[in-house]
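**Q** One file is attached below, final.txt, containing compact mmCIF, C-alpha atoms.
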# COMPACT_ATOMS: atom_id res chain seq x y z
CA ASN A 22 -44.45 -15.82 -23.53
CA MET A 23 -45.24 -19.54 -23.19
CA GLY A 24 -47.86 -21.56 -25.01
CA GLU A 25 -50.57 -23.45 -23.15
CA GLU A 26 -48.66 -26.80 -22.87
CA ASP A 27 -45.48 -25.12 -21.64
CA THR A 28 -47.38 -23.02 -19.11
CA LEU A 29 -49.05 -26.14 -17.71
CA LYS A 30 -45.68 -27.92 -17.45
CA TYR A 31 -44.21 -24.87 -15.73
CA LEU A 32 -47.11 -24.92 -13.24
CA VAL A 33 -46.40 -28.57 -12.40
CA LYS A 34 -42.78 -27.66 -11.63
CA LEU A 35 -43.81 -24.67 -9.50
CA THR A 36 -46.35 -26.77 -7.60
CA GLN A 37 -43.79 -29.51 -6.88
CA GLU A 38 -41.42 -26.81 -5.60
CA GLY A 39 -44.11 -25.03 -3.58
CA GLN A 40 -43.59 -21.67 -5.34
CA LEU A 41 -46.92 -20.11 -4.40
CA SER A 42 -46.22 -16.51 -5.42
CA LEU A 43 -45.10 -17.58 -8.91
CA ILE A 44 -48.16 -19.82 -9.27
CA ARG A 45 -50.42 -16.85 -8.34
CA LYS A 46 -48.63 -14.67 -10.87
CA VAL A 47 -49.05 -17.18 -13.75
CA LEU A 48 -52.72 -17.75 -12.99
CA SER A 49 -53.52 -14.06 -12.60
CA GLU A 50 -52.11 -13.44 -16.07
CA LYS A 51 -53.82 -16.39 -17.79
CA GLU A 52 -57.51 -16.83 -17.12
CA ASN A 53 -57.83 -19.76 -19.59
CA ILE A 54 -55.14 -21.73 -17.72
CA ARG A 55 -56.95 -21.06 -14.45
CA ASN A 56 -59.99 -22.91 -15.83
CA LEU A 57 -57.93 -25.68 -17.47
CA ILE A 58 -56.17 -26.77 -14.28
CA LYS A 59 -59.46 -27.56 -12.54
CA LYS A 60 -59.79 -30.65 -14.68
CA LYS A 61 -56.28 -31.13 -16.01
CA HIS A 62 -54.70 -34.57 -15.47
CA PHE A 63 -51.02 -34.78 -16.38
CA GLY A 64 -49.21 -37.65 -18.12
CA LYS A 65 -49.67 -41.37 -17.54
CA SER A 66 -50.07 -40.94 -13.79
CA GLY A 67 -53.08 -38.69 -14.34
CA ASP A 68 -52.00 -36.45 -11.46
CA THR A 69 -53.59 -33.04 -11.00
CA LEU A 70 -51.84 -30.03 -9.45
CA LEU A 71 -53.64 -30.99 -6.22
CA HIS A 72 -51.81 -34.35 -6.21
CA TYR A 73 -48.42 -32.69 -6.73
CA ALA A 74 -49.04 -30.19 -3.93
CA ALA A 75 -50.21 -32.88 -1.47
CA ARG A 76 -47.42 -35.33 -2.37
CA HIS A 77 -44.74 -32.71 -1.82
CA GLY A 78 -46.38 -31.40 1.36
CA HIS A 79 -46.96 -27.82 0.20
CA LEU A 80 -49.89 -26.79 2.40
CA GLU A 81 -50.17 -23.17 1.22
CA VAL A 82 -50.26 -24.27 -2.43
CA LEU A 83 -52.88 -26.90 -1.58
CA LYS A 84 -55.06 -24.26 0.14
CA PHE A 85 -54.67 -21.87 -2.79
CA LEU A 86 -55.60 -24.50 -5.39
CA MET A 87 -58.72 -25.52 -3.47
CA GLU A 88 -59.89 -22.20 -2.05
CA ASP A 89 -58.82 -19.70 -4.72
CA THR A 90 -58.80 -21.82 -7.84
CA GLY A 91 -61.62 -24.24 -7.02
CA LEU A 92 -59.93 -27.61 -7.54
CA ASP A 93 -62.15 -30.41 -6.23
CA ILE A 94 -60.80 -32.17 -3.12
CA GLU A 95 -61.87 -35.58 -4.49
CA LEU A 96 -60.03 -35.31 -7.83
CA HIS A 97 -58.32 -38.65 -8.46
CA ASN A 98 -55.41 -39.74 -10.64
CA SER A 99 -55.06 -42.86 -12.84
CA ASP A 100 -54.62 -45.04 -9.73
CA TYR A 101 -57.69 -43.48 -8.13
CA LYS A 102 -55.54 -41.76 -5.52
CA THR A 103 -56.88 -38.52 -4.07
CA ALA A 104 -54.90 -35.70 -2.46
CA LEU A 105 -55.52 -37.36 0.93
CA HIS A 106 -53.91 -40.62 -0.28
CA GLU A 107 -50.88 -38.60 -1.41
CA ALA A 108 -50.49 -36.59 1.79
CA ALA A 109 -51.03 -39.68 3.99
CA SER A 110 -48.59 -41.86 2.07
CA MET A 111 -45.87 -39.20 2.26
CA SER A 112 -46.51 -38.44 5.95
CA HIS A 113 -47.40 -34.76 5.45
CA ARG A 114 -49.37 -34.22 8.64
CA GLU A 115 -50.42 -30.60 8.10
CA CYS A 116 -51.81 -31.43 4.67
CA VAL A 117 -53.66 -34.43 6.09
CA VAL A 118 -55.20 -32.28 8.86
CA TYR A 119 -56.24 -29.62 6.34
CA LEU A 120 -57.78 -32.08 3.85
CA ILE A 121 -59.75 -33.82 6.60
CA ALA A 122 -60.99 -30.47 7.91
CA LYS A 123 -62.09 -29.62 4.37
CA GLY A 124 -64.20 -32.80 4.25
CA ALA A 125 -62.02 -35.21 2.26
CA ASN A 126 -63.51 -38.72 2.05
CA ILE A 127 -61.44 -40.44 4.73
CA ASP A 128 -61.68 -44.04 3.56
CA ARG A 129 -61.63 -43.40 -0.16
CA LEU A 130 -60.33 -46.47 -2.04
CA LYS A 131 -57.58 -46.20 -4.59
CA LYS A 132 -56.58 -48.96 -7.03
CA ALA A 133 -56.33 -52.37 -5.29
CA ASP A 134 -58.58 -50.94 -2.55
CA TRP A 135 -55.98 -49.05 -0.51
CA THR A 136 -57.32 -46.40 1.88
CA PRO A 137 -55.29 -43.34 2.95
CA LEU A 138 -54.81 -45.03 6.36
CA MET A 139 -53.27 -48.09 4.67
CA MET A 140 -50.89 -45.78 2.80
CA ALA A 141 -50.00 -44.03 6.07
CA CYS A 142 -49.26 -47.42 7.66
CA THR A 143 -46.48 -48.04 5.13
CA ARG A 144 -44.58 -45.28 6.99
CA ARG A 145 -43.46 -44.91 10.57
CA ASN A 146 -45.44 -41.75 11.27
CA LEU A 147 -47.74 -42.22 14.22
CA ASP A 148 -49.07 -38.62 14.10
CA VAL A 149 -50.55 -39.05 10.64
CA ILE A 150 -52.05 -42.43 11.55
CA LYS A 151 -53.61 -40.94 14.72
CA GLU A 152 -55.03 -38.03 12.75
CA LEU A 153 -56.78 -40.39 10.32
CA ILE A 154 -58.12 -42.76 12.98
CA GLU A 155 -59.33 -39.96 15.24
CA ASN A 156 -61.30 -38.69 12.26
CA GLY A 157 -63.02 -41.98 11.58
CA ALA A 158 -60.67 -43.95 9.28
CA LYS A 159 -61.43 -47.65 9.71
CA PRO A 160 -58.36 -49.82 10.33
CA ALA A 161 -60.30 -53.06 9.78
CA LEU A 162 -60.98 -52.38 6.08
CA LYS A 163 -59.05 -54.75 3.81
CA ASN A 164 -57.38 -54.15 0.44
CA LYS A 165 -57.64 -56.45 -2.58
CA ASP A 166 -55.06 -58.85 -1.10
CA GLY A 167 -56.96 -59.04 2.18
CA TRP A 168 -54.52 -56.87 4.20
CA ASN A 169 -55.93 -54.40 6.72
CA SER A 170 -54.00 -51.36 7.99
CA PHE A 171 -52.68 -53.22 11.03
CA HIS A 172 -51.30 -55.99 8.81
CA ILE A 173 -49.55 -53.39 6.62
CA ALA A 174 -48.08 -51.72 9.73
CA CYS A 175 -46.69 -55.10 10.86
CA ARG A 176 -44.62 -55.24 7.69
CA GLU A 177 -43.09 -51.83 8.51
CA GLY A 178 -42.35 -52.86 12.08
CA ASP A 179 -42.86 -49.65 14.09
CA PRO A 180 -43.73 -50.81 17.64
CA TRP A 181 -45.39 -47.48 18.54
CA VAL A 182 -47.79 -47.73 15.64
CA ILE A 183 -48.63 -51.34 16.51
CA GLN A 184 -49.26 -50.54 20.20
CA TYR A 185 -51.46 -47.59 19.25
CA LEU A 186 -53.54 -49.60 16.77
CA LEU A 187 -54.03 -52.39 19.34
CA ASP A 188 -55.03 -49.80 21.97
CA THR A 189 -57.58 -48.08 19.75
CA CYS A 190 -59.02 -51.01 17.77
CA SER A 191 -58.89 -54.09 19.95
CA GLY A 192 -59.80 -56.80 17.40
CA VAL A 193 -57.75 -55.41 14.52
CA TRP A 194 -55.01 -58.08 14.92
CA LYS A 195 -57.46 -60.86 14.13
CA THR A 196 -57.04 -60.74 10.39
CA GLU A 197 -55.54 -62.77 7.57
CA SER A 198 -54.75 -62.07 3.95
CA LYS A 199 -56.30 -63.91 1.02
CA THR A 200 -53.39 -66.35 1.21
CA LEU A 201 -54.21 -66.89 4.93
CA ARG A 202 -51.14 -65.04 6.17
CA THR A 203 -51.46 -63.33 9.54
CA PRO A 204 -49.67 -60.18 10.73
CA LEU A 205 -47.47 -62.54 12.79
CA HIS A 206 -46.28 -64.28 9.60
CA THR A 207 -45.55 -60.89 8.06
CA ALA A 208 -43.66 -59.43 11.02
CA ALA A 209 -41.65 -62.66 11.37
CA MET A 210 -40.77 -62.72 7.68
CA HIS A 211 -39.59 -59.08 7.67
CA GLY A 212 -37.50 -59.43 10.82
CA CYS A 213 -39.55 -57.03 12.97
CA ASP A 214 -38.41 -58.34 16.39
CA GLU A 215 -40.17 -55.79 18.59
CA VAL A 216 -43.44 -56.17 16.72
CA VAL A 217 -43.30 -59.97 16.90
CA ASN A 218 -42.87 -59.71 20.68
CA ILE A 219 -45.84 -57.33 20.98
CA LEU A 220 -47.99 -59.68 18.87
CA LEU A 221 -46.97 -62.68 20.99
CA ASP A 222 -47.73 -60.77 24.22
CA ARG A 223 -50.91 -58.94 23.28
CA CYS A 224 -52.64 -60.94 20.54
CA ASN A 225 -54.07 -64.39 20.58
CA TYR A 226 -52.63 -66.01 17.45
CA GLU A 227 -52.93 -69.75 17.14
CA PRO A 228 -49.42 -71.26 17.44
CA ASP A 229 -47.98 -72.61 14.16
CA TYR A 230 -50.88 -71.19 12.15
CA ARG A 231 -50.37 -72.23 8.53
CA ASP A 232 -50.86 -69.96 5.53
CA SER A 233 -52.23 -71.32 2.25
CA CYS A 234 -48.79 -72.81 1.42
CA GLY A 235 -48.63 -74.46 4.85
CA VAL A 236 -45.99 -72.00 6.04
CA THR A 237 -45.84 -71.12 9.76
CA PRO A 238 -44.43 -67.89 11.27
CA PHE A 239 -41.45 -69.93 12.55
CA MET A 240 -40.70 -71.04 8.97
CA ASP A 241 -40.93 -67.44 7.79
CA ALA A 242 -38.47 -66.34 10.48
CA VAL A 243 -35.97 -69.13 9.81
CA ARG A 244 -35.93 -69.03 6.04
CA ASN A 245 -35.28 -65.28 6.20
CA GLY A 246 -32.50 -65.67 8.77
CA HIS A 247 -34.33 -64.07 11.73
CA ILE A 248 -33.14 -66.39 14.48
CA SER A 249 -34.06 -64.20 17.46
CA ILE A 250 -37.66 -64.21 16.20
CA ALA A 251 -37.57 -67.99 15.76
CA LYS A 252 -36.45 -68.22 19.41
CA SER A 253 -39.29 -65.94 20.59
CA LEU A 254 -41.82 -68.07 18.72
CA MET A 255 -40.45 -71.21 20.37
CA GLU A 256 -40.42 -69.62 23.80
CA LYS A 257 -43.89 -68.06 23.71
CA HIS A 258 -45.73 -70.31 21.25
CA GLN A 259 -43.79 -73.56 21.61
CA ALA A 260 -43.52 -73.28 17.82
CA SER A 261 -42.59 -76.52 16.08
CA PHE A 262 -39.18 -76.54 14.39
CA THR A 263 -39.96 -79.68 12.40
CA ALA A 264 -43.43 -78.79 11.06
CA VAL A 265 -43.80 -79.29 7.30
CA ASP A 266 -45.30 -77.01 4.64
CA ASN A 267 -47.72 -78.21 1.95
CA LEU A 268 -44.84 -79.60 -0.11
CA GLY A 269 -43.52 -81.54 2.87
CA ALA A 270 -40.47 -79.35 3.50
CA GLN A 271 -39.29 -78.52 7.02
CA PRO A 272 -37.59 -75.28 8.17
CA LEU A 273 -34.24 -77.07 7.59
CA HIS A 274 -35.00 -77.53 3.89
CA GLN A 275 -36.41 -74.03 3.53
CA ALA A 276 -33.27 -72.52 5.06
CA ALA A 277 -31.19 -74.53 2.58
CA VAL A 278 -33.22 -73.10 -0.32
CA THR A 279 -32.68 -69.52 0.91
CA ALA A 280 -29.02 -70.16 1.87
CA GLN A 281 -29.45 -69.03 5.49
CA GLU A 282 -26.30 -70.54 6.99
CA ASP A 283 -26.80 -69.28 10.55
CA ALA A 284 -30.33 -70.68 10.49
CA LEU A 285 -29.00 -74.06 9.33
CA ARG A 286 -26.50 -74.08 12.22
CA PHE A 287 -29.23 -72.99 14.66
CA LEU A 288 -31.54 -75.82 13.59
CA VAL A 289 -28.93 -78.57 13.56
CA GLU A 290 -26.54 -77.55 16.36
CA ASP A 291 -28.88 -75.79 18.81
CA LEU A 292 -32.16 -77.61 18.19
CA GLY A 293 -30.81 -81.01 17.22
CA VAL A 294 -32.65 -81.29 13.89
CA ASN A 295 -31.39 -84.22 11.82
CA VAL A 296 -29.31 -82.63 9.01
CA ASN A 297 -30.19 -85.58 6.72
CA GLU A 298 -33.95 -85.32 7.23
CA LYS A 299 -35.72 -85.99 3.89
CA ALA A 300 -38.48 -83.77 2.53
CA THR A 301 -41.44 -84.22 0.21
CA ASP A 302 -42.47 -87.33 -1.74
CA ILE A 303 -39.21 -87.04 -3.68
CA LYS A 304 -37.21 -87.49 -0.45
CA LEU A 305 -34.78 -84.61 -0.83
CA THR A 306 -32.23 -83.69 1.83
CA ALA A 307 -31.25 -80.12 2.69
CA LEU A 308 -28.03 -80.77 0.75
CA HIS A 309 -30.08 -81.68 -2.35
CA TYR A 310 -31.90 -78.34 -2.07
CA ALA A 311 -28.71 -76.31 -1.59
CA ALA A 312 -27.08 -78.10 -4.55
CA LYS A 313 -30.14 -77.56 -6.73
CA GLU A 314 -30.03 -73.80 -6.01
CA GLY A 315 -26.24 -73.66 -6.39
CA HIS A 316 -25.70 -72.15 -2.92
CA SER A 317 -21.99 -72.91 -2.48
CA ASN A 318 -21.61 -71.64 1.09
CA ALA A 319 -24.76 -73.42 2.26
CA ILE A 320 -23.38 -76.64 0.74
CA LYS A 321 -20.14 -76.18 2.72
CA THR A 322 -22.08 -75.38 5.90
CA LEU A 323 -24.28 -78.48 5.53
CA ILE A 324 -21.24 -80.69 4.90
CA SER A 325 -19.59 -79.24 8.03
CA LEU A 326 -22.80 -80.06 9.95
CA GLY A 327 -22.52 -83.69 8.91
CA ALA A 328 -24.72 -83.82 5.82
CA ASP A 329 -24.48 -87.17 4.02
CA LEU A 330 -22.74 -86.60 0.69
CA LEU A 331 -24.02 -89.94 -0.58
CA ALA A 332 -27.72 -89.21 0.07
CA LYS A 333 -30.06 -90.21 -2.78
CA ASP A 334 -33.60 -89.02 -3.44
CA ALA A 335 -36.57 -91.24 -4.33
CA LYS A 336 -35.38 -91.35 -7.95
CA GLY A 337 -31.87 -92.35 -6.98
CA ARG A 338 -30.44 -88.91 -7.72
CA SER A 339 -27.43 -87.72 -5.75
CA VAL A 340 -26.71 -84.13 -4.73
CA LEU A 341 -24.30 -84.07 -7.69
CA HIS A 342 -27.26 -84.74 -10.01
CA MET A 343 -28.93 -81.66 -8.52
CA ALA A 344 -25.90 -79.39 -8.94
CA CYS A 345 -25.34 -80.58 -12.54
CA ALA A 346 -29.01 -80.24 -13.50
CA GLY A 347 -28.92 -76.67 -12.14
CA GLN A 348 -25.72 -75.95 -14.14
CA HIS A 349 -23.92 -74.72 -11.01
CA ALA A 350 -20.17 -74.97 -11.67
CA GLU A 351 -18.97 -73.90 -8.21
CA ALA A 352 -21.36 -76.32 -6.45
CA VAL A 353 -20.17 -79.16 -8.69
CA ARG A 354 -16.55 -78.30 -7.86
CA ILE A 355 -17.21 -78.37 -4.08
CA LEU A 356 -19.01 -81.72 -4.24
CA LEU A 357 -16.40 -83.40 -6.43
CA GLN A 358 -13.56 -82.03 -4.31
CA ALA A 359 -15.33 -83.34 -1.21
CA GLY A 360 -14.87 -86.78 -2.77
CA LEU A 361 -18.30 -87.45 -4.23
CA SER A 362 -18.15 -89.58 -7.38
CA ASP A 363 -20.74 -89.63 -10.14
CA THR A 364 -23.34 -92.40 -10.03
CA GLU A 365 -26.38 -93.43 -12.03
CA ASP A 366 -29.87 -92.61 -10.83
CA SER A 367 -32.75 -95.14 -10.93
CA SER A 368 -33.19 -94.59 -14.65
CA GLY A 369 -29.47 -95.19 -15.35
CA THR A 370 -28.61 -91.52 -15.90
CA THR A 371 -25.39 -90.03 -14.53
CA ALA A 372 -25.16 -86.52 -13.11
CA LYS A 373 -22.72 -85.57 -15.87
CA HIS A 374 -25.45 -86.38 -18.40
CA PHE A 375 -27.43 -83.34 -17.14
CA ILE A 376 -24.65 -80.86 -17.88
CA LYS A 377 -25.46 -78.39 -20.65
CA LYS A 378 -23.00 -75.59 -19.92
CA PRO A 379 -19.35 -75.89 -21.00
CA ASP A 380 -18.02 -74.25 -17.80
CA VAL A 381 -19.71 -76.95 -15.69
CA LEU A 382 -18.27 -79.70 -17.89
CA LYS A 383 -14.85 -78.09 -17.59
CA VAL A 384 -15.03 -78.31 -13.77
CA PHE A 385 -15.95 -81.98 -14.03
CA GLU A 386 -12.94 -82.70 -16.22
CA GLU A 387 -10.55 -80.50 -14.21
CA VAL A 388 -11.36 -82.21 -10.92
CA LEU A 389 -11.72 -85.76 -12.21
CA GLY A 390 -9.06 -85.63 -14.92
CA ASP A 391 -9.47 -86.94 -18.49
CA PRO A 392 -12.44 -89.32 -18.55
CA ASN A 393 -10.55 -91.63 -20.97
CA GLU A 394 -7.69 -92.27 -18.56
CA PRO A 395 -8.10 -95.34 -16.37
CA LYS A 396 -9.15 -94.33 -12.85
CA LEU A 397 -7.88 -95.97 -9.69
CA ASN A 398 -10.74 -96.69 -7.33
Output the file's structure in the form of structure tokens.
**A**
Amino acid sequence: NMGEEDTLKYLVKLTQEGQLSLIRKVLSEKENIRNLIKKKHFGKSGDTLLHYAARHGHLEVLKFLMEDTGLDIELHNSDYKTALHEAASMSHRECVVYLIAKGANIDRLKKADWTPLMMACTRRNLDVIKELIENGAKPALKNKDGWNSFHIACREGDPWVIQYLLDTCSGVWKTESKTLRTPLHTAAMHGCDEVVNILLDRCNYEPDYRDSCGVTPFMDAVRNGHISIAKSLMEKHQASFTAVDNLGAQPLHQAAVTAQEDALRFLVEDLGVNVNEKATDIKLTALHYAAKEGHSNAIKTLISLGADLLAKDAKGRSVLHMACAGQHAEAVRILLQAGLSDTEDSSGTTAKHFIKKPDVLKVFEEVLGDPNEPKLN
């Protein structure tokens, strides 16, 4: 014979499991609990039994809670999600159909202004998306970050969903987020090849459109290693492979920062980008960036592509200065073994001066020998 708290907890478990007959039994025996659950929000999430039923796709339990127990269809949890948000985000089509038929508010906003359709677009379930749109959900609504449902679907990359949304809402592609990113940026960044090709064929995006950081879709593709997408953008948009972002970095430098070795080879070997191209006011080469991040394999790749080991930035710093300042032992080892010697920058500071970690210092001394011994130059 359970107390009130335990009975409520037990009901949550039964609802999550979809045990309708046991739920009926508990509620028929305890009238007070029957009234409590109409307004009861559980835990930090603030979920009601309606939320648990919708999230787990238990249609019969959902019907029972609404029709027999009188739970309000618009009950919301701590994130302002309703049962329809839950069912849509978990792709439970029957529950979505039922809630819509029962008059659920179709474009209800949860926290950060997400509609049930936006939640559905984070999944690859065209049936649920169709159900919502055919019942009046508006795909052009934007969330707090300025993303509409189409933009969200472009991150997931389901070509069927994208084709359907373009067929039913012709202008929905013409959208950008608060940081000026388009669905093309997003699909390129996430490696959604098929979607990128649909967007290039069916939508009228301005080639090399820059987001608020000056990043183009081509840059997004390259720095995330999506070379086939970079090729599509060049073929269909004549995308520039030497455009610069707001900091003055080209795709070459961005690929060095993210250690995308195939992208580095693609840019230098296939497209003929100058591997020693300097970026930003500080005049950094791709090798400077790779050394600064400590990307050992990218350093080796750049050296194999002909990167100048002796390159200096505007402050006279070598790539060794970068690797030492970043405390990257392995990068320091590669550069020293490649024959780079320590030099002073414009202010008279050596790379070794930047070393704080003993393991980095140890590499320096291992490769170069005891600093007190005379060195043959």
**Q** May I ask which of the residues A:Phe239, A:Phe287, A:Phe385, A:Tyr73 is the closest one to Ala260 of chain A, counting only C-alpha atoms?
**A**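 Between A:Phe239, A:Phe287, A:Phe385, A:Tyr73, the residue approaching Ala260 of chain A most closely is A:Phe239.
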**Q** One number please: atom CA of Leu331 of chain A to atom CA of Ala284 of chain A, in Å, one decimal.
**A**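 Interatomic distance here is 23.1 Å.
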**Q** Determine, counting only C-alpha atoms, which protein, DNA and RNA residues have an atom within 12 Å of an atom of Ala344 of chain A; residues of the same chain fewer than 6 positions away are not included. Present the result as a count of residues only.
**A** 32
**Q** Report, in Å with one decimal, the straight-line distance from atom CA of Leu268 of chain A to atom CA of Thr301 of chain A.
**A** 5.7 Å
**Q** Please provide the set of residues having any atom within 8 Å of Ala125 of chain A, restricted to all atoms listed in the file, with same-chain residues fewer than 2 positions apart removed, written as a ChimeraX atom specification.
**A** /A:94-95,105,120-123,127
**Q** Between atom CA of Ser191 of chain A and atom CA of Trp168 of chain A, what is the distance in Å, rounded to a tenth?
**A**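 According to the coordinates, atom CA of Ser191 of chain A and atom CA of Trp168 of chain A are separated by 16.6 Å.
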**Q** In terms of the shortest atom-to-atom distance over only C-alpha atoms, which of A:Pro238, A:Gly124, A:Gly246, A:Gly192 is closest to Ala264 of chain A?
**A**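 Closest to Ala264 of chain A, using only C-alpha atoms: A:Pro238.
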**Q** With distances taken over only C-alpha atoms, which residue among A:Ala109, A:Val265, A:Ala300, A:Ala307 lies nearest Leu147 of chain A?
**A** A:Ala109
**Q** Nearest residue to Thr322 of chain A out of A:Arg286, A:Lys59, A:His349, A:Lys102, using all atoms listed in the file?
**A**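 For Thr322 of chain A, the nearest of the candidates is A:Arg286.
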**Q** For a cutoff of 6 Å around the file-coordinate point (-48.0, -34.5, 3.5), which residues qualify once you count all atoms listed in the file? I'd like the result as an MDAnalysis selection string.
**A** chainID A and resid 75:76 78 108 111:114 116
**Q** Near Asn267 of chain A, counting only C-alpha atoms, which residues have an atom at most 9 Å away, once you skip same-chain residues fewer than 5 positions from it, shown as an MDAnalysis selection string?
**A** chainID A and resid 233:236 301
**Q** Excluding same-chain residues fewer than 5 positions from Ile250 of chain A, what lies within 12 Å of it counting only C-alpha atoms, as a ChimeraX atom specification?
**A** /A:205-221,238-245,255-258,260,284
**Q** So that all listed atoms of segment 211-219 of chain A fit with 8 Å spare on each side, what axis-aligned box centre and edge lengths in Å, to one decimal, would you give as JSON?
**A**
{"center_x": -41.7, "center_y": -57.9, "center_z": 14.3, "size_x": 24.3, "size_y": 20.2, "size_z": 29.3}
**Q** Tell me which of A:Ala332, A:Val47, A:Leu92, A:Leu80 sits closest to Thr28 of chain A, counting only C-alpha atoms.
**A**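 Among A:Ala332, A:Val47, A:Leu92, A:Leu80, it is A:Val47 that comes nearest to Thr28 of chain A.
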**Q** Closest to Lys199 of chain A among A:Glu88, A:Asp302, A:Glu107, A:Asp232, using all atoms listed in the file?
**A**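 For Lys199 of chain A, the nearest of the candidates is A:Asp232.
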**Q** Set the distance at 12 Å and use all atoms listed in the file: which residues neighbour Asp329 of chain A once local chain neighbours fewer than 2 positions away are removed? I'd like the list as a list in words.
**A**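 Final neighbour list, sorted by chain and number: Asn295, Val296, Asn297, Glu298, Lys299, Leu305, Thr306, Ala307, Leu308, His309, Ile320, Lys321, Leu323, Ile324, Ser325, Leu326, Gly327, Leu331, Ala332, Lys333, Asp334, Ser339, Val340, Leu356, Ala359, Gly360 and Leu361 of chain A.
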